[in-house]
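Undergrad: My structure is in start_24.cif, and what it holds is mmCIF, C-alpha atoms:
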```
data_model
loop_
_atom_site.label_atom_id
_atom_site.label_comp_id
_atom_site.auth_asym_id
_atom_site.auth_seq_id
_atom_site.Cartn_x
_atom_site.Cartn_y
_atom_site.Cartn_z
CA GLU A 1 13.86 -19.56 6.01
CA THR A 2 13.22 -19.22 2.32
CA GLY A 3 13.94 -16.62 -0.33
CA VAL A 4 16.10 -13.61 0.33
CA THR A 5 16.39 -12.20 3.84
CA GLN A 6 17.92 -8.91 4.86
CA THR A 7 18.97 -7.62 8.25
CA PRO A 8 18.50 -5.25 9.86
CA ARG A 9 15.16 -4.07 8.52
CA HIS A 10 15.76 -0.59 9.92
CA LEU A 11 18.99 1.18 10.73
CA VAL A 12 19.68 4.67 12.03
CA MET A 13 23.26 5.82 12.09
CA GLY A 14 25.30 8.92 12.52
CA MET A 15 27.66 10.18 9.89
CA THR A 16 30.69 8.83 11.71
CA ASN A 17 29.34 5.38 12.50
CA LYS A 18 30.33 2.10 10.91
CA LYS A 19 27.58 -0.41 10.28
CA SER A 20 26.84 -3.32 7.97
CA LEU A 21 23.83 -4.60 6.11
CA LYS A 22 23.47 -8.33 5.65
CA CYS A 23 21.74 -10.33 2.97
CA GLU A 24 21.27 -14.08 2.78
CA GLN A 25 19.65 -16.05 -0.01
CA HIS A 26 18.29 -19.56 0.33
CA LEU A 27 17.50 -20.13 -3.34
CA GLY A 28 20.73 -21.70 -4.52
CA HIS A 29 21.45 -18.73 -6.77
CA ASN A 30 24.96 -17.77 -7.74
CA ALA A 31 24.54 -14.04 -8.32
CA MET A 32 23.70 -11.34 -5.80
CA TYR A 33 23.01 -7.63 -6.09
CA TRP A 34 22.77 -4.48 -4.02
CA TYR A 35 20.29 -1.82 -5.13
CA LYS A 36 19.53 1.59 -3.68
CA GLN A 37 15.91 2.69 -3.74
CA SER A 38 15.04 6.33 -3.16
CA ALA A 39 11.54 7.76 -3.26
CA LYS A 40 10.21 8.59 -6.74
CA LYS A 41 13.45 7.50 -8.41
CA PRO A 42 14.33 4.39 -10.39
CA LEU A 43 16.25 1.68 -8.62
CA GLU A 44 19.98 2.25 -8.72
CA LEU A 45 22.21 -0.77 -9.12
CA MET A 46 25.19 -0.54 -6.80
CA PHE A 47 27.05 -3.83 -6.94
CA VAL A 48 26.78 -7.22 -8.60
CA TYR A 49 28.52 -10.40 -7.55
CA SER A 50 28.65 -13.55 -9.61
CA LEU A 51 30.17 -16.66 -8.06
CA GLU A 52 31.48 -14.44 -5.28
CA GLU A 53 33.38 -12.17 -7.65
CA ARG A 54 32.36 -8.59 -8.19
CA VAL A 55 31.29 -8.09 -11.80
CA GLU A 56 29.74 -4.65 -11.61
CA ASN A 57 30.37 -1.55 -9.57
CA ASN A 58 28.34 1.42 -10.73
CA SER A 59 30.64 4.22 -9.56
CA VAL A 60 29.47 3.87 -5.99
CA PRO A 61 31.28 6.04 -3.41
CA SER A 62 33.93 4.24 -1.41
CA ARG A 63 31.98 4.81 1.80
CA PHE A 64 29.97 1.79 0.61
CA SER A 65 32.01 -1.40 0.67
CA PRO A 66 30.50 -4.71 -0.43
CA GLU A 67 31.60 -8.15 0.64
CA CYS A 68 30.51 -11.52 -0.71
CA PRO A 69 32.14 -14.34 1.29
CA ASN A 70 30.13 -17.07 -0.46
CA SER A 71 27.29 -17.39 -2.93
CA SER A 72 24.65 -17.25 -0.18
CA HIS A 73 25.77 -14.17 1.70
CA LEU A 74 26.27 -10.55 0.79
CA PHE A 75 27.21 -7.65 2.99
CA LEU A 76 27.24 -3.91 2.53
CA HIS A 77 29.64 -2.19 4.91
CA LEU A 78 28.79 1.44 5.61
CA HIS A 79 31.24 4.08 6.81
CA THR A 80 31.12 7.85 7.06
CA LEU A 81 27.81 8.11 5.27
CA GLN A 82 26.04 11.29 4.25
CA PRO A 83 22.39 12.21 4.87
CA GLU A 84 21.68 11.77 1.16
CA ASP A 85 22.56 8.11 1.56
CA SER A 86 19.34 7.62 3.48
CA ALA A 87 17.28 5.18 1.42
CA LEU A 88 15.95 1.66 1.19
CA TYR A 89 18.72 -0.78 0.30
CA LEU A 90 17.55 -3.85 -1.51
CA CYS A 91 19.38 -7.09 -1.94
CA ALA A 92 18.51 -9.42 -4.82
CA SER A 93 19.68 -12.70 -6.22
CA SER A 94 19.39 -14.53 -9.52
CA GLN A 95 20.54 -17.70 -11.15
CA GLY A 96 23.49 -16.40 -13.10
CA THR A 97 24.03 -12.88 -14.38
CA GLY A 98 23.02 -13.44 -17.96
CA GLY A 99 20.34 -15.17 -19.92
CA GLY A 100 17.70 -17.43 -18.46
CA THR A 101 14.47 -15.88 -17.29
CA GLY A 102 16.28 -12.86 -15.96
CA GLU A 103 14.14 -12.87 -12.85
CA LEU A 104 15.53 -11.18 -9.78
CA PHE A 105 14.45 -12.28 -6.32
CA PHE A 106 14.46 -9.48 -3.80
CA GLY A 107 14.67 -9.18 -0.05
CA GLU A 108 12.41 -6.86 1.88
CA GLY A 109 15.10 -4.24 2.18
CA SER A 110 16.96 -2.38 4.90
CA ARG A 111 15.67 1.12 5.58
CA LEU A 112 18.71 3.29 6.33
CA THR A 113 18.50 6.71 7.93
CA VAL A 114 21.67 8.78 8.23
CA LEU A 115 21.50 11.59 10.75
CA ALA B 1 20.50 6.27 -23.92
CA GLN B 2 18.18 3.55 -22.76
CA THR B 3 15.44 4.88 -20.53
CA VAL B 4 12.18 3.68 -19.02
CA THR B 5 9.38 6.13 -18.28
CA GLN B 6 6.35 5.58 -16.12
CA SER B 7 4.26 8.69 -16.56
CA GLN B 8 1.75 7.95 -13.79
CA PRO B 9 3.21 8.45 -10.31
CA GLU B 10 -0.06 7.26 -8.78
CA MET B 11 -3.20 5.52 -9.96
CA SER B 12 -6.35 4.46 -8.16
CA VAL B 13 -9.01 1.96 -9.09
CA GLN B 14 -12.16 0.63 -7.58
CA GLU B 15 -11.97 -2.94 -6.34
CA ALA B 16 -13.06 -5.45 -9.03
CA GLU B 17 -12.48 -2.98 -11.84
CA THR B 18 -9.71 -2.88 -14.43
CA VAL B 19 -6.73 -0.55 -14.43
CA THR B 20 -3.91 0.01 -16.89
CA LEU B 21 -0.44 1.20 -15.92
CA SER B 22 1.68 2.84 -18.59
CA CYS B 23 5.32 2.31 -19.44
CA THR B 24 7.36 3.57 -22.35
CA TYR B 25 11.00 2.92 -23.06
CA ASP B 26 13.68 4.06 -25.40
CA THR B 27 16.16 1.71 -27.00
CA SER B 28 17.86 1.07 -30.29
CA GLU B 29 18.05 -2.66 -29.61
CA SER B 30 15.76 -5.07 -31.43
CA ASP B 31 16.01 -7.92 -28.95
CA TYR B 32 15.33 -7.27 -25.30
CA TYR B 33 13.12 -8.17 -22.37
CA LEU B 34 10.54 -6.17 -20.47
CA PHE B 35 9.31 -6.77 -16.95
CA TRP B 36 6.72 -5.57 -14.51
CA TYR B 37 7.66 -5.92 -10.86
CA LYS B 38 5.36 -5.34 -7.91
CA GLN B 39 6.46 -3.99 -4.53
CA PRO B 40 3.74 -4.28 -1.87
CA PRO B 41 3.89 -2.23 1.31
CA SER B 42 5.94 -5.03 2.92
CA ARG B 43 8.57 -3.99 0.36
CA GLN B 44 9.57 -7.34 -1.15
CA MET B 45 9.68 -6.82 -4.88
CA ILE B 46 8.28 -9.69 -6.96
CA LEU B 47 8.06 -10.32 -10.67
CA VAL B 48 4.56 -9.94 -12.08
CA ILE B 49 5.03 -10.54 -15.77
CA ARG B 50 7.72 -10.75 -18.41
CA GLN B 51 7.72 -10.12 -22.16
CA GLU B 52 10.32 -11.05 -24.76
CA ALA B 53 10.52 -8.44 -27.51
CA TYR B 54 10.68 -11.03 -30.27
CA LYS B 55 7.31 -12.45 -29.25
CA GLN B 56 4.35 -10.74 -30.84
CA GLN B 57 1.88 -12.32 -28.47
CA ASN B 58 1.19 -10.32 -25.34
CA ALA B 59 2.13 -12.05 -22.10
CA THR B 60 -0.58 -12.91 -19.60
CA GLU B 61 -0.48 -14.18 -16.03
CA ASN B 62 -3.93 -14.78 -14.62
CA ARG B 63 -5.45 -11.30 -14.03
CA PHE B 64 -2.34 -9.54 -15.30
CA SER B 65 -1.71 -8.92 -18.97
CA VAL B 66 0.42 -6.59 -21.02
CA ASN B 67 -0.14 -4.55 -24.14
CA PHE B 68 3.22 -4.64 -25.88
CA GLN B 69 3.56 -2.22 -28.78
CA LYS B 70 7.11 -2.65 -30.04
CA ALA B 71 7.02 0.05 -32.69
CA ALA B 72 5.66 2.54 -30.20
CA LYS B 73 8.04 1.28 -27.48
CA SER B 74 5.14 0.92 -25.12
CA PHE B 75 4.59 -1.79 -22.51
CA SER B 76 1.48 -1.24 -20.42
CA LEU B 77 0.20 -3.51 -17.65
CA LYS B 78 -3.49 -4.28 -17.35
CA ILE B 79 -4.86 -5.59 -14.08
CA SER B 80 -8.33 -7.07 -14.33
CA ASP B 81 -10.72 -7.61 -11.42
CA SER B 82 -8.52 -5.53 -9.12
CA GLN B 83 -8.14 -6.85 -5.59
CA LEU B 84 -7.06 -5.18 -2.39
CA GLY B 85 -3.87 -7.23 -2.48
CA ASP B 86 -2.90 -5.57 -5.74
CA ALA B 87 -2.15 -2.33 -3.90
CA ALA B 88 1.57 -1.74 -4.38
CA MET B 89 4.25 0.12 -6.26
CA TYR B 90 4.62 -1.22 -9.78
CA PHE B 91 7.92 -0.91 -11.61
CA CYS B 92 8.54 -1.37 -15.28
CA ALA B 93 12.00 -2.57 -16.29
CA TYR B 94 13.93 -3.25 -19.48
CA ARG B 95 17.00 -5.34 -20.08
CA ILE B 96 19.11 -6.48 -22.92
CA PRO B 97 19.61 -10.20 -23.41
CA ASP B 98 22.37 -12.02 -21.58
CA SER B 99 22.63 -9.53 -18.77
CA ASN B 100 20.44 -9.87 -15.72
CA TYR B 101 22.02 -6.86 -14.11
CA GLN B 102 21.77 -4.36 -16.93
CA LEU B 103 18.22 -3.59 -15.95
CA ILE B 104 16.85 -0.14 -16.63
CA TRP B 105 14.06 0.74 -14.22
CA GLY B 106 11.18 3.17 -14.30
CA ALA B 107 10.42 5.35 -11.28
CA GLY B 108 7.31 3.37 -10.41
CA THR B 109 3.55 3.83 -10.19
CA LYS B 110 1.74 3.62 -6.89
CA LEU B 111 -1.51 1.71 -7.30
CA ILE B 112 -4.29 2.36 -4.80
CA ILE B 113 -7.26 0.02 -4.62
CA LYS B 114 -10.49 1.57 -3.33
CA PRO B 115 -12.76 -0.89 -1.50
#
```
Represent the structure from my file as structure tokens, please.

TA:
Amino acid sequence: ETGVTQTPRHLVMGMTNKKSLKCEQHLGHNAMYWYKQSAKKPLELMFVYSLEERVENNSVPSRFSPECPNSSHLFLHLHTLQPEDSALYLCASSQGTGGGTGELFFGEGSRLTVL
Amino acid sequence: AQTVTQSQPEMSVQEAETVTLSCTYDTSESDYYLFWYKQPPSRQMILVIRQEAYKQQNATENRFSVNFQKAAKSFSLKISDSQLGDAAMYFCAYRIPDSNYQLIWGAGTKLIIKP
């Protein structure tokens, strides 16, 4: 596979469930990102990892827990979510977190519905 | 505060015609980058075009070009000879140098192509 792949593509969960979103990049990048995309709103950056270390956490509720075991994989662990957390969650990668072309490479997203 | 505004939630254009998507931004920085990203219905966001603020020449990529007006803080995207495959959400984004993750995003414009 090439590019950035995300699984699952769709996820429905109850408020008490625990689930995880997975992202894998095959581009040799060393930075990975989680974004939240809600309808008619700008993308919201949630977490940034550079060389497997978290470099940015935009005041995201603790019910979202990221994990980056290596530079190719990124997880978003979900626990006790709220209905307002329903959204499209996008993973992205880049070569470094500063400078260069600045281009982000995105996955197709995981559509999360919280009941 | 740095903001990006896309004033057109939705635009439509006849196939083969030209359409312009608007983007304005607010910043006190003099050096920065501007981007247009495209998100087709399959949801994978891809970079369309990029402009460095210090360059006076407008960026072009095949049928895509920008009209960058730095003093007016305007960065519009022109799509010539519109094709059905251009149908997508288009997002304008701004970032300061040396930080790939400090991207400020607009809310997006949905482009509809009429056959």

Undergrad: When you count only C-alpha atoms, which of these residues is closest to chain B: A:Val60, A:Cys91, A:Leu115, A:Val12?

TA: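 Residue with the minimum atom-to-atom distance to chain B: A:Cys91.
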
Undergrad: Within 6 Å of (25.1, -17.1, -11.1), only C-alpha atoms: residues as a PDB file with C-alpha atoms, in the coordinates of the input?

TA:
```pdb
ATOM      1  CA  HIS A  29      21.450 -18.730  -6.770  1.00  0.00           C
ATOM      2  CA  ASN A  30      24.960 -17.770  -7.740  1.00  0.00           C
ATOM      3  CA  ALA A  31      24.540 -14.040  -8.320  1.00  0.00           C
ATOM      4  CA  SER A  50      28.650 -13.550  -9.610  1.00  0.00           C
ATOM      5  CA  LEU A  51      30.170 -16.660  -8.060  1.00  0.00           C
ATOM      6  CA  GLN A  95      20.540 -17.700 -11.150  1.00  0.00           C
ATOM      7  CA  GLY A  96      23.490 -16.400 -13.100  1.00  0.00           C
ATOM      8  CA  THR A  97      24.030 -12.880 -14.380  1.00  0.00           C
TER       9      THR A  97
END
```

Undergrad: Where does the PyMOL selection byres ((chain A) within 10 of (chain B)) land in this file, that is, which residues does it pick, as a PyMOL selection string?

TA: chain A and resi 4-5+31-33+37-45+47-49+55-56+88+90-110

Undergrad: Go ahead and find all residues with at least one atom no further than 12 Å from (-7.9, -2.0, -10.3) in the file's coordinates, using only C-alpha atoms; report them as a ChimeraX atom specification.

TA: /B:11-21,63-64,77-88,110-115

Undergrad: List the residues selected by the PyMOL selection byres ((chain A and resi 17) around 10) in the file shown, writing them as number ranges by chain.

TA: A: 12-16, 18-19, 78-81, 114

Undergrad: If you measure from atom CA of Ala87 of chain A to atom CA of Glu10 of chain B, what distance in Å do you get, rounded to one decimal?

TA: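 Rounded to one decimal, the two atoms are 20.2 Å apart.
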
Undergrad: Give the answer as one residue: which of A:Met46, A:Leu112, A:Leu21, A:Leu27 has the shortest atom-to-atom distance to His77 of chain A, using all atoms listed in the file?

TA: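 For His77 of chain A, the nearest of the candidates is A:Leu21.
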
Undergrad: What does the structure give for the distance between atom CA of Gln2 of chain B and atom CA of Asn58 of chain A, in Å to one decimal?

TA: 15.9 Å

Undergrad: Output as a PDB file, in the coordinates of the input: segment 21-32 of chain A, completed with all heavy atoms.

TA:
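Contents of the output file rebuild36.pdb:
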```pdb
ATOM      1  N   LEU A  21      25.084  -3.961   6.503  1.00  0.00           N
ATOM      2  CA  LEU A  21      23.830  -4.600   6.110  1.00  0.00           C
ATOM      3  C   LEU A  21      24.156  -6.014   5.649  1.00  0.00           C
ATOM      4  O   LEU A  21      25.176  -6.244   4.996  1.00  0.00           O
ATOM      5  CB  LEU A  21      23.155  -3.831   4.971  1.00  0.00           C
ATOM      6  CG  LEU A  21      22.905  -2.351   5.180  1.00  0.00           C
ATOM      7  CD1 LEU A  21      22.204  -1.756   3.953  1.00  0.00           C
ATOM      8  CD2 LEU A  21      22.093  -2.101   6.433  1.00  0.00           C
ATOM      9  N   LYS A  22      23.260  -6.927   5.999  1.00  0.00           N
ATOM     10  CA  LYS A  22      23.470  -8.330   5.650  1.00  0.00           C
ATOM     11  C   LYS A  22      22.353  -8.846   4.783  1.00  0.00           C
ATOM     12  O   LYS A  22      21.194  -8.489   4.967  1.00  0.00           O
ATOM     13  CB  LYS A  22      23.560  -9.172   6.923  1.00  0.00           C
ATOM     14  CG  LYS A  22      23.749 -10.662   6.681  1.00  0.00           C
ATOM     15  CD  LYS A  22      23.738 -11.435   7.993  1.00  0.00           C
ATOM     16  CE  LYS A  22      23.832 -12.938   7.747  1.00  0.00           C
ATOM     17  NZ  LYS A  22      23.767 -13.708   9.016  1.00  0.00           N
ATOM     18  N   CYS A  23      22.711  -9.699   3.850  1.00  0.00           N
ATOM     19  CA  CYS A  23      21.740 -10.330   2.970  1.00  0.00           C
ATOM     20  C   CYS A  23      22.100 -11.806   2.863  1.00  0.00           C
ATOM     21  O   CYS A  23      23.268 -12.171   2.723  1.00  0.00           O
ATOM     22  CB  CYS A  23      21.766  -9.677   1.592  1.00  0.00           C
ATOM     23  SG  CYS A  23      20.687 -10.472   0.378  1.00  0.00           S
ATOM     24  N   GLU A  24      21.073 -12.640   2.914  1.00  0.00           N
ATOM     25  CA  GLU A  24      21.270 -14.080   2.780  1.00  0.00           C
ATOM     26  C   GLU A  24      20.207 -14.631   1.841  1.00  0.00           C
ATOM     27  O   GLU A  24      19.027 -14.307   1.985  1.00  0.00           O
ATOM     28  CB  GLU A  24      21.176 -14.755   4.149  1.00  0.00           C
ATOM     29  CG  GLU A  24      21.472 -16.235   4.122  1.00  0.00           C
ATOM     30  CD  GLU A  24      21.526 -16.846   5.518  1.00  0.00           C
ATOM     31  OE1 GLU A  24      21.323 -16.107   6.502  1.00  0.00           O
ATOM     32  OE2 GLU A  24      21.780 -18.052   5.618  1.00  0.00           O
ATOM     33  N   GLN A  25      20.632 -15.433   0.888  1.00  0.00           N
ATOM     34  CA  GLN A  25      19.650 -16.050  -0.010  1.00  0.00           C
ATOM     35  C   GLN A  25      19.684 -17.564   0.132  1.00  0.00           C
ATOM     36  O   GLN A  25      20.749 -18.168   0.243  1.00  0.00           O
ATOM     37  CB  GLN A  25      19.870 -15.588  -1.469  1.00  0.00           C
ATOM     38  CG  GLN A  25      21.220 -15.926  -2.081  1.00  0.00           C
ATOM     39  CD  GLN A  25      21.235 -17.195  -2.882  1.00  0.00           C
ATOM     40  OE1 GLN A  25      20.209 -17.872  -3.033  1.00  0.00           O
ATOM     41  NE2 GLN A  25      22.391 -17.547  -3.420  1.00  0.00           N
ATOM     42  N   HIS A  26      18.473 -18.128   0.116  1.00  0.00           N
ATOM     43  CA  HIS A  26      18.290 -19.560   0.330  1.00  0.00           C
ATOM     44  C   HIS A  26      17.748 -20.230  -0.929  1.00  0.00           C
ATOM     45  O   HIS A  26      17.028 -21.224  -0.867  1.00  0.00           O
ATOM     46  CB  HIS A  26      17.320 -19.792   1.488  1.00  0.00           C
ATOM     47  CG  HIS A  26      17.676 -19.036   2.730  1.00  0.00           C
ATOM     48  ND1 HIS A  26      18.468 -19.559   3.726  1.00  0.00           N
ATOM     49  CD2 HIS A  26      17.358 -17.779   3.139  1.00  0.00           C
ATOM     50  CE1 HIS A  26      18.609 -18.670   4.689  1.00  0.00           C
ATOM     51  NE2 HIS A  26      17.955 -17.582   4.362  1.00  0.00           N
ATOM     52  N   LEU A  27      18.070 -19.658  -2.083  1.00  0.00           N
ATOM     53  CA  LEU A  27      17.500 -20.130  -3.340  1.00  0.00           C
ATOM     54  C   LEU A  27      18.488 -20.893  -4.207  1.00  0.00           C
ATOM     55  O   LEU A  27      18.134 -21.315  -5.312  1.00  0.00           O
ATOM     56  CB  LEU A  27      16.959 -18.919  -4.132  1.00  0.00           C
ATOM     57  CG  LEU A  27      15.866 -18.123  -3.409  1.00  0.00           C
ATOM     58  CD1 LEU A  27      15.591 -16.809  -4.116  1.00  0.00           C
ATOM     59  CD2 LEU A  27      14.591 -18.944  -3.315  1.00  0.00           C
ATOM     60  N   GLY A  28      19.721 -21.011  -3.730  1.00  0.00           N
ATOM     61  CA  GLY A  28      20.730 -21.700  -4.520  1.00  0.00           C
ATOM     62  C   GLY A  28      21.231 -20.896  -5.701  1.00  0.00           C
ATOM     63  O   GLY A  28      21.821 -21.461  -6.628  1.00  0.00           O
ATOM     64  N   HIS A  29      20.992 -19.588  -5.681  1.00  0.00           N
ATOM     65  CA  HIS A  29      21.450 -18.730  -6.770  1.00  0.00           C
ATOM     66  C   HIS A  29      22.945 -18.457  -6.664  1.00  0.00           C
ATOM     67  O   HIS A  29      23.549 -18.594  -5.593  1.00  0.00           O
ATOM     68  CB  HIS A  29      20.683 -17.409  -6.756  1.00  0.00           C
ATOM     69  CG  HIS A  29      19.250 -17.573  -7.140  1.00  0.00           C
ATOM     70  ND1 HIS A  29      18.294 -16.595  -6.863  1.00  0.00           N
ATOM     71  CD2 HIS A  29      18.587 -18.571  -7.767  1.00  0.00           C
ATOM     72  CE1 HIS A  29      17.120 -17.004  -7.322  1.00  0.00           C
ATOM     73  NE2 HIS A  29      17.279 -18.201  -7.864  1.00  0.00           N
ATOM     74  N   ASN A  30      23.526 -18.043  -7.773  1.00  0.00           N
ATOM     75  CA  ASN A  30      24.960 -17.770  -7.740  1.00  0.00           C
ATOM     76  C   ASN A  30      25.298 -16.322  -8.067  1.00  0.00           C
ATOM     77  O   ASN A  30      26.459 -15.984  -8.288  1.00  0.00           O
ATOM     78  CB  ASN A  30      25.712 -18.709  -8.695  1.00  0.00           C
ATOM     79  CG  ASN A  30      25.169 -18.639 -10.117  1.00  0.00           C
ATOM     80  OD1 ASN A  30      24.504 -17.684 -10.489  1.00  0.00           O
ATOM     81  ND2 ASN A  30      25.456 -19.668 -10.895  1.00  0.00           N
ATOM     82  N   ALA A  31      24.302 -15.462  -8.100  1.00  0.00           N
ATOM     83  CA  ALA A  31      24.540 -14.040  -8.320  1.00  0.00           C
ATOM     84  C   ALA A  31      23.744 -13.238  -7.311  1.00  0.00           C
ATOM     85  O   ALA A  31      22.591 -13.570  -7.011  1.00  0.00           O
ATOM     86  CB  ALA A  31      24.131 -13.633  -9.745  1.00  0.00           C
ATOM     87  N   MET A  32      24.363 -12.183  -6.788  1.00  0.00           N
ATOM     88  CA  MET A  32      23.700 -11.340  -5.800  1.00  0.00           C
ATOM     89  C   MET A  32      23.954  -9.877  -6.112  1.00  0.00           C
ATOM     90  O   MET A  32      24.975  -9.520  -6.711  1.00  0.00           O
ATOM     91  CB  MET A  32      24.175 -11.679  -4.382  1.00  0.00           C
ATOM     92  CG  MET A  32      23.822 -13.127  -3.981  1.00  0.00           C
ATOM     93  SD  MET A  32      24.195 -13.520  -2.268  1.00  0.00           S
ATOM     94  CE  MET A  32      22.842 -12.696  -1.420  1.00  0.00           C
TER      95      MET A  32
END
```
